[in-house]
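Enquirer: The structure file coords24.csv (CSV, C-alpha atoms and all ligand atoms) is provided below.
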```csv
chain,number,residue,atom,x,y,z
A,29,MET,CA,-3.3,-12.7,-8.8
A,30,GLN,CA,-6.7,-11.7,-7.7
A,31,TYR,CA,-8.2,-8.3,-8.3
A,32,LEU,CA,-10.9,-5.9,-7.1
A,33,ILE,CA,-12.8,-3.4,-9.1
A,34,HIS,CA,-12.9,0.1,-7.7
A,35,ARG,CA,-14.5,3.0,-9.6
A,36,GLY,CA,-14.1,1.0,-12.8
A,37,GLU,CA,-10.4,0.2,-12.2
A,38,LYS,CA,-9.2,-3.4,-12.0
A,39,ILE,CA,-6.6,-3.4,-9.3
A,40,PRO,CA,-4.4,-6.3,-8.0
A,41,LEU,CA,-5.2,-7.2,-4.3
A,42,ILE,CA,-1.4,-7.4,-3.6
A,43,GLY,CA,1.4,-5.2,-4.9
A,44,PHE,CA,4.9,-4.1,-4.3
A,45,GLY,CA,6.0,-1.5,-1.8
A,46,THR,CA,9.3,0.3,-2.4
A,47,TYR,CA,10.1,1.9,1.0
A,48,ARG,CA,13.9,1.4,1.6
A,49,LEU,CA,14.5,0.3,-2.0
A,50,GLY,CA,18.1,1.2,-2.9
A,51,ARG,CA,19.5,-0.4,0.3
A,52,SER,CA,20.2,-3.8,-1.2
A,53,GLU,CA,21.9,-4.7,-4.5
A,54,LYS,CA,20.0,-2.8,-7.2
A,55,ALA,CA,20.1,-5.7,-9.7
A,56,ALA,CA,18.5,-8.0,-7.1
A,57,GLU,CA,15.8,-5.4,-6.3
A,58,ILE,CA,14.9,-5.0,-9.9
A,59,GLU,CA,14.9,-8.7,-10.6
A,60,THR,CA,12.6,-9.3,-7.6
A,61,ILE,CA,10.1,-6.7,-8.7
A,62,ARG,CA,10.1,-8.0,-12.3
A,63,TYR,CA,9.7,-11.6,-11.1
A,64,GLY,CA,6.6,-10.4,-9.2
A,65,MET,CA,5.2,-8.6,-12.2
A,66,ASP,CA,5.9,-11.4,-14.7
A,67,LYS,CA,5.2,-14.5,-12.7
A,68,LEU,CA,2.8,-13.3,-10.0
A,69,GLY,CA,0.8,-10.5,-11.6
A,70,MET,CA,2.0,-7.9,-9.0
A,71,THR,CA,1.5,-4.9,-11.3
A,72,LEU,CA,0.4,-2.6,-8.4
A,73,LEU,CA,3.6,-0.6,-7.5
A,74,ASP,CA,3.8,1.8,-4.6
A,75,THR,CA,6.4,4.5,-4.2
A,76,ALA,CA,6.9,8.1,-2.9
A,77,GLU,CA,9.0,11.1,-3.6
A,78,MET,CA,10.2,10.8,0.0
A,79,TYR,CA,11.6,7.2,-0.3
A,80,GLY,CA,15.4,7.7,-0.6
A,81,SER,CA,14.7,11.3,-1.8
A,82,GLY,CA,13.6,10.0,-5.2
A,83,LEU,CA,15.9,7.0,-5.4
A,84,SER,CA,13.0,4.5,-5.0
A,85,GLU,CA,11.1,6.2,-7.9
A,86,GLU,CA,14.3,6.0,-10.0
A,87,ILE,CA,14.8,2.3,-9.4
A,88,LEU,CA,11.2,1.6,-10.0
A,89,GLY,CA,11.5,3.6,-13.2
A,90,GLU,CA,14.3,1.3,-14.3
A,91,CYS,CA,12.2,-1.7,-13.4
A,92,ILE,CA,9.3,-0.8,-15.6
A,93,ARG,CA,11.1,0.6,-18.6
A,94,SER,CA,10.4,-2.3,-20.9
A,95,TYR,CA,6.8,-2.9,-19.7
A,96,ASP,CA,3.5,-2.0,-21.3
A,97,ARG,CA,2.7,1.0,-19.2
A,98,SER,CA,-1.1,0.4,-19.4
A,99,SER,CA,-0.6,-3.0,-17.6
A,100,LEU,CA,0.8,-1.3,-14.5
A,101,PHE,CA,-1.0,0.6,-11.7
A,102,ILE,CA,1.6,3.0,-10.2
A,103,VAL,CA,0.9,4.7,-6.9
A,104,ASP,CA,3.1,7.7,-5.9
A,105,LYS,CA,3.0,10.1,-3.0
A,106,ILE,CA,3.6,13.8,-2.5
A,107,LEU,CA,4.9,15.2,0.7
A,108,PRO,CA,2.6,17.5,2.6
A,109,SER,CA,5.2,20.3,2.4
A,110,ASN,CA,5.0,20.1,-1.4
A,111,ALA,CA,1.3,19.8,-1.9
A,112,HIS,CA,0.6,23.5,-2.0
A,113,LYS,CA,0.0,25.7,-5.1
A,114,GLY,CA,3.6,26.9,-5.6
A,115,GLN,CA,5.1,23.4,-5.5
A,116,TYR,CA,2.8,20.6,-6.4
A,117,LEU,CA,3.1,20.7,-10.2
A,118,GLU,CA,6.9,20.8,-10.3
A,119,CYS,CA,7.0,17.9,-7.7
A,120,CYS,CA,4.7,15.8,-9.7
A,121,ARG,CA,6.7,16.5,-12.9
A,122,GLN,CA,9.9,15.5,-11.1
A,123,SER,CA,8.4,12.2,-9.9
A,124,LEU,CA,7.2,11.5,-13.4
A,125,ARG,CA,10.8,12.2,-14.7
A,126,ARG,CA,12.3,9.8,-12.1
A,127,LEU,CA,9.8,7.1,-12.9
A,128,GLY,CA,10.2,7.7,-16.7
A,129,THR,CA,6.5,7.7,-17.3
A,130,ASP,CA,3.9,10.2,-18.5
A,131,TYR,CA,1.3,9.6,-15.8
A,132,ILE,CA,0.8,8.3,-12.3
A,133,ASP,CA,-2.2,6.1,-11.8
A,134,LEU,CA,-2.9,7.2,-8.2
A,135,TYR,CA,-1.2,10.1,-6.5
A,136,LEU,CA,-1.5,10.3,-2.7
A,137,LEU,CA,-0.9,13.1,-0.2
A,138,HIS,CA,1.6,11.2,2.0
A,139,TRP,CA,0.1,12.4,5.3
A,140,LYS,CA,-2.1,15.3,6.3
A,141,GLY,CA,0.5,17.6,8.0
A,142,PRO,CA,-0.5,21.2,7.9
A,143,VAL,CA,-2.1,21.0,4.5
A,144,ASP,CA,-5.1,23.1,3.5
A,145,LEU,CA,-7.3,20.3,2.2
A,146,GLN,CA,-9.3,22.4,-0.2
A,147,ASP,CA,-6.1,23.7,-1.8
A,148,MET,CA,-4.8,20.1,-2.0
A,149,ALA,CA,-8.0,18.8,-3.6
A,150,ASP,CA,-8.0,21.7,-6.1
A,151,ASN,CA,-4.3,21.0,-7.0
A,152,MET,CA,-5.0,17.2,-7.4
A,153,GLN,CA,-8.0,17.9,-9.6
A,154,LYS,CA,-5.7,20.1,-11.9
A,155,LEU,CA,-3.2,17.3,-12.2
A,156,VAL,CA,-6.0,15.0,-13.3
A,157,GLU,CA,-7.2,17.6,-15.8
A,158,GLN,CA,-3.7,17.9,-17.2
A,159,GLY,CA,-3.5,14.1,-17.5
A,160,LEU,CA,-0.4,13.8,-15.2
A,161,ILE,CA,-2.3,11.6,-12.8
A,162,ARG,CA,-5.4,9.4,-13.3
A,163,HIS,CA,-6.7,9.4,-9.7
A,164,TRP,CA,-5.7,11.0,-6.4
A,165,GLY,CA,-6.1,10.1,-2.8
A,166,VAL,CA,-4.6,10.4,0.7
A,167,SER,CA,-2.5,8.3,3.1
A,168,ASN,CA,-2.6,8.1,6.9
A,169,PHE,CA,-5.9,9.9,7.2
A,170,ASP,CA,-8.1,8.9,10.1
A,171,THR,CA,-11.9,9.1,10.0
A,172,HIS,CA,-12.2,12.8,11.1
A,173,GLU,CA,-9.7,13.8,8.5
A,174,MET,CA,-11.6,11.9,5.8
A,175,GLN,CA,-14.7,13.7,6.9
A,176,GLN,CA,-12.9,17.1,6.7
A,177,LEU,CA,-11.8,16.1,3.2
A,178,PHE,CA,-15.2,15.1,2.1
A,179,ALA,CA,-16.5,18.5,3.2
A,180,CYS,CA,-14.3,20.1,0.6
A,181,LYS,CA,-15.3,20.7,-3.0
A,182,ASN,CA,-14.3,17.6,-5.0
A,183,GLY,CA,-13.2,15.9,-1.8
A,184,GLN,CA,-15.4,13.0,-2.7
A,185,ASN,CA,-13.1,12.3,-5.7
A,186,CYS,CA,-10.6,10.9,-3.2
A,187,PHE,CA,-10.0,7.4,-4.6
A,188,CYS,CA,-8.1,5.8,-1.7
A,189,ASP,CA,-6.7,6.1,1.8
A,190,GLN,CA,-3.5,4.2,2.3
A,191,ILE,CA,-3.1,3.2,5.9
A,192,LEU,CA,-1.1,1.1,8.3
A,193,TYR,CA,-3.0,-2.2,8.5
A,194,ASN,CA,-1.9,-5.6,9.4
A,195,ILE,CA,-2.8,-8.5,11.7
A,196,CYS,CA,-1.3,-6.7,14.8
A,197,GLU,CA,-2.7,-3.2,13.8
A,198,ARG,CA,-6.4,-3.7,13.4
A,199,GLY,CA,-7.6,-0.4,14.9
A,200,ALA,CA,-8.8,0.9,11.6
A,201,GLU,CA,-11.5,-1.8,11.5
A,202,TYR,CA,-13.4,0.1,14.2
A,203,ASP,CA,-14.6,3.0,12.2
A,204,LEU,CA,-12.2,4.1,9.5
A,205,ILE,CA,-12.5,1.1,7.2
A,206,PRO,CA,-16.3,1.0,7.5
A,207,TRP,CA,-16.4,4.8,6.8
A,208,CYS,CA,-14.2,4.3,3.7
A,209,LYS,CA,-16.4,1.5,2.4
A,210,GLN,CA,-19.6,3.5,3.0
A,211,HIS,CA,-18.1,6.5,1.1
A,212,GLY,CA,-16.5,4.6,-1.8
A,213,VAL,CA,-12.9,5.1,-0.7
A,214,LEU,CA,-10.6,2.2,-1.4
A,215,VAL,CA,-8.5,1.2,1.6
A,216,MET,CA,-4.9,0.2,0.8
A,217,GLY,CA,-3.0,-1.4,3.8
A,218,TYR,CA,0.7,-0.7,4.1
A,219,SER,CA,3.2,-2.7,6.2
A,220,PRO,CA,1.2,-5.9,6.0
A,221,LEU,CA,4.4,-7.7,7.3
A,222,CYS,CA,4.7,-5.3,10.2
A,223,ASN,CA,7.5,-3.3,8.6
A,224,CYS,CA,10.3,-4.0,11.1
A,225,ARG,CA,12.0,-7.3,11.8
A,226,GLU,CA,11.3,-7.4,15.5
A,227,ALA,CA,7.5,-6.9,15.2
A,228,ARG,CA,7.3,-9.3,12.3
A,229,THR,CA,9.3,-12.0,14.1
A,230,ASN,CA,6.9,-11.7,17.1
A,231,VAL,CA,4.2,-12.8,14.7
A,232,THR,CA,6.0,-15.3,12.6
A,233,SER,CA,7.4,-17.1,15.6
A,234,ASP,CA,4.1,-17.3,17.3
A,235,ARG,CA,2.9,-20.9,17.6
A,236,LEU,CA,-0.7,-20.0,16.9
A,237,ILE,CA,0.4,-18.4,13.6
A,238,ILE,CA,2.8,-21.2,12.7
A,239,SER,CA,0.2,-23.9,13.2
A,240,SER,CA,-2.5,-22.0,11.4
A,241,ALA,CA,-0.2,-21.2,8.5
A,242,GLN,CA,0.9,-24.9,8.3
A,243,ALA,CA,-2.7,-26.0,8.2
A,244,ARG,CA,-3.3,-23.6,5.3
A,245,GLY,CA,-0.2,-24.7,3.4
A,246,GLN,CA,1.4,-21.3,3.9
A,247,THR,CA,4.4,-19.6,5.5
A,248,PRO,CA,3.6,-17.3,8.5
A,249,GLU,CA,4.4,-14.2,6.3
A,250,SER,CA,2.0,-15.4,3.6
A,251,LEU,CA,-0.7,-15.8,6.3
A,252,MET,CA,-0.1,-12.2,7.3
A,253,LEU,CA,-0.8,-11.1,3.8
A,254,SER,CA,-3.8,-13.4,3.5
A,255,PHE,CA,-5.2,-11.8,6.6
A,256,VAL,CA,-5.1,-8.3,5.1
A,257,VAL,CA,-6.8,-9.2,1.8
A,258,ARG,CA,-9.1,-11.8,3.4
A,259,ASN,CA,-12.4,-10.0,2.4
A,260,LYS,CA,-11.0,-9.1,-1.0
A,261,ASP,CA,-12.1,-5.5,-0.4
A,262,ILE,CA,-8.8,-4.1,0.9
A,263,ILE,CA,-5.6,-4.1,-1.2
A,264,THR,CA,-2.1,-4.2,0.2
A,265,VAL,CA,1.6,-3.6,-0.7
A,266,PHE,CA,4.6,-5.3,0.8
A,267,LYS,CA,8.3,-4.8,0.2
A,268,THR,CA,10.8,-7.4,-0.5
A,269,SER,CA,14.1,-7.5,-2.4
A,270,ASP,CA,14.5,-11.3,-2.1
A,271,ILE,CA,12.9,-13.6,-4.6
A,272,SER,CA,12.6,-16.5,-2.2
A,273,HIS,CA,10.8,-14.2,0.3
A,274,LEU,CA,8.5,-13.1,-2.5
A,275,THR,CA,7.5,-16.6,-3.6
A,276,ASN,CA,7.1,-17.7,0.0
A,277,ASN,CA,4.9,-14.7,0.8
A,278,MET,CA,2.6,-15.4,-2.1
A,279,GLN,CA,2.2,-19.1,-1.3
A,280,ASN,CA,-1.5,-19.9,-1.2
A,281,VAL,CA,-2.1,-16.3,-0.3
A,282,PHE,CA,-5.7,-16.2,-1.6
A,283,ALA,CA,-6.9,-19.3,0.3
A,284,PRO,CA,-10.0,-18.2,2.2
A,285,PHE,CA,-10.1,-18.4,6.0
A,286,SER,CA,-12.8,-20.6,7.5
A,287,GLU,CA,-14.8,-19.1,10.3
A,288,ALA,CA,-13.1,-21.5,12.7
A,289,GLU,CA,-9.6,-20.4,11.5
A,290,MET,CA,-10.5,-16.8,11.9
A,291,SER,CA,-12.0,-17.1,15.3
A,292,VAL,CA,-8.8,-18.9,16.5
A,293,LEU,CA,-6.6,-16.1,15.1
A,294,CYS,CA,-8.9,-13.5,16.7
A,295,THR,CA,-8.4,-14.9,20.2
A,296,LYS,CA,-5.0,-13.4,20.1
A,297,TYR,CA,-5.0,-10.9,17.3
A,298,LYS,CA,-8.2,-9.2,18.4
A,299,PRO,CA,-10.4,-6.8,16.4
A,300,PRO,CA,-10.7,-3.3,18.1
A,301,ALA,CA,-13.4,-3.0,20.8
A,302,LYS,CA,-13.1,0.8,20.7
A,303,LYS,CA,-11.7,3.7,18.7
A,304,TYR,CA,-8.0,4.1,18.7
A,305,PRO,CA,-6.2,7.0,16.8
A,306,LEU,CA,-4.8,5.7,13.5
A,307,GLU,CA,-1.3,4.4,13.9
A,308,LYS,CA,1.3,5.6,11.4
A,309,ILE,CA,4.9,4.7,10.5
B,1,LIG,N1,1.9,5.7,3.2
B,1,LIG,C1,2.8,5.5,4.2
B,1,LIG,O1,3.0,6.3,5.1
B,1,LIG,C2,3.6,4.2,4.2
B,1,LIG,C3,4.4,3.9,5.3
B,1,LIG,C4,5.1,2.7,5.3
B,1,LIG,C5,5.1,1.9,4.1
B,1,LIG,N2,4.4,2.3,3.0
B,1,LIG,C6,4.4,1.5,1.8
B,1,LIG,O2,4.0,0.1,2.1
B,1,LIG,C7,5.1,-0.7,1.7
B,1,LIG,C8,5.1,-2.0,2.6
B,1,LIG,O3,5.4,-1.6,3.9
B,1,LIG,P1,6.9,-1.7,4.6
B,1,LIG,O4,7.9,-1.7,3.6
B,1,LIG,O5,6.9,-0.7,5.6
B,1,LIG,O6,6.8,-3.1,5.4
B,1,LIG,P2,6.4,-4.6,5.1
B,1,LIG,O7,6.1,-4.8,3.6
B,1,LIG,O8,5.4,-4.9,6.1
B,1,LIG,O9,7.8,-5.4,5.4
B,1,LIG,C9,8.9,-5.2,4.6
B,1,LIG,C10,10.1,-5.9,5.3
B,1,LIG,O10,9.7,-7.3,5.4
B,1,LIG,C11,10.8,-8.1,4.9
B,1,LIG,N3,10.3,-9.3,4.4
B,1,LIG,C12,9.4,-9.5,3.4
B,1,LIG,N4,9.1,-10.8,3.2
B,1,LIG,C13,9.9,-11.5,4.1
B,1,LIG,C14,10.1,-12.9,4.4
B,1,LIG,N5,9.4,-13.8,3.8
B,1,LIG,N6,10.9,-13.2,5.4
B,1,LIG,C15,11.6,-12.2,6.1
B,1,LIG,N7,11.5,-10.9,5.9
B,1,LIG,C16,10.6,-10.5,4.9
B,1,LIG,C17,11.5,-7.2,3.9
B,1,LIG,O11,12.9,-7.5,3.8
B,1,LIG,P3,13.5,-8.3,2.5
B,1,LIG,O12,13.6,-7.2,1.4
B,1,LIG,O13,14.8,-8.8,2.9
B,1,LIG,O14,12.5,-9.4,2.1
B,1,LIG,C18,11.3,-5.8,4.5
B,1,LIG,O15,12.4,-5.5,5.3
B,1,LIG,C19,6.3,0.2,1.7
B,1,LIG,O16,7.4,-0.4,1.0
B,1,LIG,C20,5.7,1.4,1.1
B,1,LIG,O17,5.6,1.3,-0.3
B,1,LIG,C21,3.6,3.4,3.1
```
As structure tokens, what does this structure read like?

Expert:
Amino acid sequence: MQYLIHRGEKIPLIGFGTYRLGRSEKAAEIETIRYGMDKLGMTLLDTAEMYGSGLSEEILGECIRSYDRSSLFIVDKILPSNAHKGQYLECCRQSLRRLGTDYIDLYLLHWKGPVDLQDMADNMQKLVEQGLIRHWGVSNFDTHEMQQLFACKNGQNCFCDQILYNICERGAEYDLIPWCKQHGVLVMGYSPLCNCREARTNVTSDRLIISSAQARGQTPESLMLSFVVRNKDIITVFKTSDISHLTNNMQNVFAPFSEAEMSVLCTKYKPPAKKYPLEKI
């Protein structure tokens, strides 16, 4: 595994997503995540109260039960409808109960919705003060929303923006990713394998991707992950419940791209030439 350091935290560049966990055989799901933690250093684990209405947190909780908690970096998310004064504390406690842990490393507002950002930042700060979370951040925030957040008291404490980012969805490179870098906000890309089978297959069956991956000693899926973490300043989480997918995906994943390789890829998978609103899943 390779890591980056952000605000003093050493964080794996690649971790596990858990969206749709609970749809395969539970034992295989747990075995796959544990394999990733034990053999591949994938100790960054991403979940949300929304995923399976808490089921994903419960399965992840089972997964990590026998692990040294301090070796893990657990990311969890609160729904916008729960992020207000009357609800946030109980929701955070429920997530902690399902995970079977005393604290969350990074707690994100899942998307902006109608949330009062000052209220949300105040509530997140209280959770930090109570030791229930170590850091807080947001997800699916575009640049203007980050600017609104930074205008709030303690808004600058936002640790991370988790966004859709993959080889086909590069819009955030135009201004959001530069803005986050400039303001010390970590970018975590989600759906690095394009989330759904059809979109992923469009990439993995593309001759350009296949030949580029072969030349790099990778599978097409592994190349997709390499693309997201290529500069080692963005982290990502992908989901799999299949050990053979997992090992394939991590094959040579940190091999650097040469300028020539990157310019070939960019002929088809182009960087944005203008601002596009941030895409979300
Ligand atoms: N903040 C947000 O709003 C948000 C939104 C979406 C996702 N996320 C987070 O980001 C994580 C990752 O995103 P994602 O789950 O949407 O999509 P993803 O990681 O891009 O793709 C996951 C899908 O790819 C399949 N897959 C993985 N490796 C494969 C391989 N080698 N060959 C064929 N299929 C393969 C998985 O199926 P198998 O299990 O069969 O391998 C799964 O169906 C989520 O799990 C979640 O934690 C956050």

Enquirer: Write out as a VMD selection string which residues come within 9 Å of Gly80 (chain A) when counting only C-alpha atoms, dropping same-chain ones fewer than 5 positions away.

Expert: chain A and resid 47 to 50 85

Enquirer: From the set A:Cys294, A:Ile42, A:Met174, A:Ile92, which residue has the shortest atom-to-atom contact distance to ligand LIG 1 (chain B), counting all atoms listed in the file?

Expert: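 Of A:Cys294, A:Ile42, A:Met174, A:Ile92, the one nearest ligand LIG 1 (chain B), counting all atoms listed in the file, is A:Ile42.
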
Enquirer: Find the residues of chain A that sit at most 7 Å from ligand LIG 1 (chain B); for each, write down the nearest two atoms and how far apart they are in Å, to one decimal. Count all atoms listed in the file. Sort by chain, then by number going up, and give it as a Markdown table.

Expert:
```
| residue | atom | partner | partner_atom | distance |
| --- | --- | --- | --- | --- |
| A:Phe44 | CA | B:LIG1 | O17 | 6.8 |
| A:Gly45 | CA | B:LIG1 | O17 | 3.2 |
| A:Thr46 | CA | B:LIG1 | O16 | 4.0 |
| A:Tyr47 | CA | B:LIG1 | O16 | 3.5 |
| A:Arg48 | CA | B:LIG1 | O16 | 6.8 |
| A:Asp74 | CA | B:LIG1 | O17 | 4.7 |
| A:Thr75 | CA | B:LIG1 | O17 | 5.1 |
| A:His138 | CA | B:LIG1 | N1 | 5.6 |
| A:Trp139 | CA | B:LIG1 | O1 | 6.8 |
| A:Ser167 | CA | B:LIG1 | N1 | 5.1 |
| A:Asn168 | CA | B:LIG1 | O1 | 6.2 |
| A:Gln190 | CA | B:LIG1 | N1 | 5.7 |
| A:Ile191 | CA | B:LIG1 | N1 | 6.2 |
| A:Leu192 | CA | B:LIG1 | C3 | 6.9 |
| A:Tyr218 | CA | B:LIG1 | O2 | 3.9 |
| A:Ser219 | CA | B:LIG1 | O8 | 3.1 |
| A:Pro220 | CA | B:LIG1 | O8 | 4.3 |
| A:Leu221 | CA | B:LIG1 | O8 | 3.2 |
| A:Cys222 | CA | B:LIG1 | O8 | 4.2 |
| A:Asn223 | CA | B:LIG1 | O6 | 3.3 |
| A:Cys224 | CA | B:LIG1 | C10 | 6.1 |
| A:Arg225 | CA | B:LIG1 | O15 | 6.8 |
| A:Glu249 | CA | B:LIG1 | N5 | 5.6 |
| A:Val265 | CA | B:LIG1 | C8 | 5.1 |
| A:Phe266 | CA | B:LIG1 | O7 | 3.2 |
| A:Lys267 | CA | B:LIG1 | O7 | 4.0 |
| A:Thr268 | CA | B:LIG1 | O12 | 3.4 |
| A:Ser269 | CA | B:LIG1 | O12 | 3.8 |
| A:Asp270 | CA | B:LIG1 | O14 | 5.0 |
| A:His273 | CA | B:LIG1 | N5 | 3.8 |
| A:Leu274 | CA | B:LIG1 | N4 | 6.2 |
| A:Asn276 | CA | B:LIG1 | N5 | 5.9 |
| A:Asn277 | CA | B:LIG1 | N5 | 5.5 |
| A:Lys308 | CA | B:LIG1 | O1 | 6.6 |
| A:Ile309 | CA | B:LIG1 | C3 | 5.3 |
```

Enquirer: Using only C-alpha atoms, which protein or nucleic acid residues come within 12 Å of Leu68 (chain A)? Drop anything in the same chain fewer than 2 positions from it, and give the result as a ChimeraX atom specification.

Expert: /A:29-30,40-44,60-66,70-72,271,274-281

Enquirer: At a cut-off of 7 Å, using all atoms listed in the file, what residues contact Ala76 (chain A)? Leave out same-chain residues fewer than 3 positions from it and give the result as a PyMOL selection string.

Expert: chain A and resi 79+85+104-106

Enquirer: Counting only C-alpha atoms, which residue out of A:Arg121, A:Val166, A:Tyr95, A:Thr264 sits closest to Pro108 (chain A)?

Expert: A:Val166

Enquirer: Counting only C-alpha atoms, which residues of region 60-122 of chain A sit at most 9 Å from some atom of region 153-159 of chain A, and what is each one's closest atom pair with its distance in Å to one decimal, listed by chain and rising residue number, as a Markdown table?

Expert:
```
| residue | atom | partner | partner_atom | distance |
| --- | --- | --- | --- | --- |
| A:Tyr116 | CA | A:Leu155 | CA | 9.0 |
| A:Leu117 | CA | A:Leu155 | CA | 7.4 |
| A:Cys120 | CA | A:Leu155 | CA | 8.4 |
```

Enquirer: Please report the interatomic distance between CA of Leu124 (chain A) and CA of Arg162 (chain A) in Å with one decimal.

Expert: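 Taking CA of Leu124 (chain A) and CA of Arg162 (chain A), their separation equals 12.8 Å.
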
Enquirer: Fewer than 6 positions away in the same chain doesn't count, so skip those; otherwise give me all residues within 10 Å of Lys181 (chain A), counting all atoms listed in the file, as JSON, numbers by chain.

Expert: {"A": [145, 146, 147, 149, 150]}

Enquirer: Go ahead and write the selection's residues with C-alpha atoms as an mmCIF file, in the frame of the given file.

Expert:
```
data_model
loop_
_atom_site.group_PDB
_atom_site.id
_atom_site.type_symbol
_atom_site.label_atom_id
_atom_site.label_comp_id
_atom_site.auth_asym_id
_atom_site.auth_seq_id
_atom_site.Cartn_x
_atom_site.Cartn_y
_atom_site.Cartn_z
ATOM 1 C CA LEU A 145 -7.300 20.300 2.200
ATOM 2 C CA GLN A 146 -9.300 22.400 -0.200
ATOM 3 C CA ASP A 147 -6.100 23.700 -1.800
ATOM 4 C CA ALA A 149 -8.000 18.800 -3.600
ATOM 5 C CA ASP A 150 -8.000 21.700 -6.100
#
```

Enquirer: Can you work out which one of A:Gly165, A:Gly69, A:Pro305, A:Pro300 has the shortest atom-to-atom distance to Met216 (chain A), counting all atoms listed in the file?

Expert: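 Closest candidate: A:Gly165.
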
Enquirer: Find the distance between CA of Glu90 (chain A) and CA of Trp164 (chain A) and write it in Å to one decimal.

Expert: 23.6 Å

Enquirer: Find the residues near Asn151 (chain A): any atom within 8 Å, counting all atoms listed in the file, skip ones fewer than 5 places away on the same chain, and give them as a PDB file with C-alpha atoms, in the frame of the given file.

Expert:
```pdb
ATOM      1  CA  ALA A 111       1.300  19.800  -1.900  1.00  0.00           C
ATOM      2  CA  HIS A 112       0.600  23.500  -2.000  1.00  0.00           C
ATOM      3  CA  LYS A 113       0.000  25.700  -5.100  1.00  0.00           C
ATOM      4  CA  TYR A 116       2.800  20.600  -6.400  1.00  0.00           C
TER       5      TYR A 116
END
```

Enquirer: With distances taken over only C-alpha atoms, which of A:Ala55, A:Leu100, A:Arg125, A:Thr171 is nearest to Leu306 (chain A)?

Expert: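 Of the candidates, the smallest distance to Leu306 (chain A) is held by A:Thr171.
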
Enquirer: So, counting all atoms listed in the file, which residue among A:Leu107, A:Leu214, A:Ala301, A:Cys91 is closest to Lys140 (chain A)?

Expert: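 Of the candidates, the smallest distance to Lys140 (chain A) is held by A:Leu107.
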
Enquirer: Between CA of Gln176 (chain A) and CA of Arg198 (chain A), what is the spacing in Å?

Expert: 22.8 Å

Enquirer: Which residue is closest to His211 (chain A)? Choose from A:Gly82, A:Gly183, A:Gly141, A:Pro299 and count all atoms listed in the file.

Expert: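 Selected residue with least distance to His211 (chain A): A:Gly183.
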
Enquirer: Mind listing as a PyMOL selection string all residues within 10 Å of (-5.5, -17.8, 18.9), counting only C-alpha atoms?

Expert: chain A and resi 234-237+240+289-298

Enquirer: Select, counting only C-alpha atoms, all protein, DNA and RNA residues no farther than 9 Å from (-4.2, -16.1, 6.6) in file coordinates, and express the selection as a VMD selection string.

Expert: chain A and resid 237 240 to 241 244 246 248 to 258 281 to 285 289 to 290 293
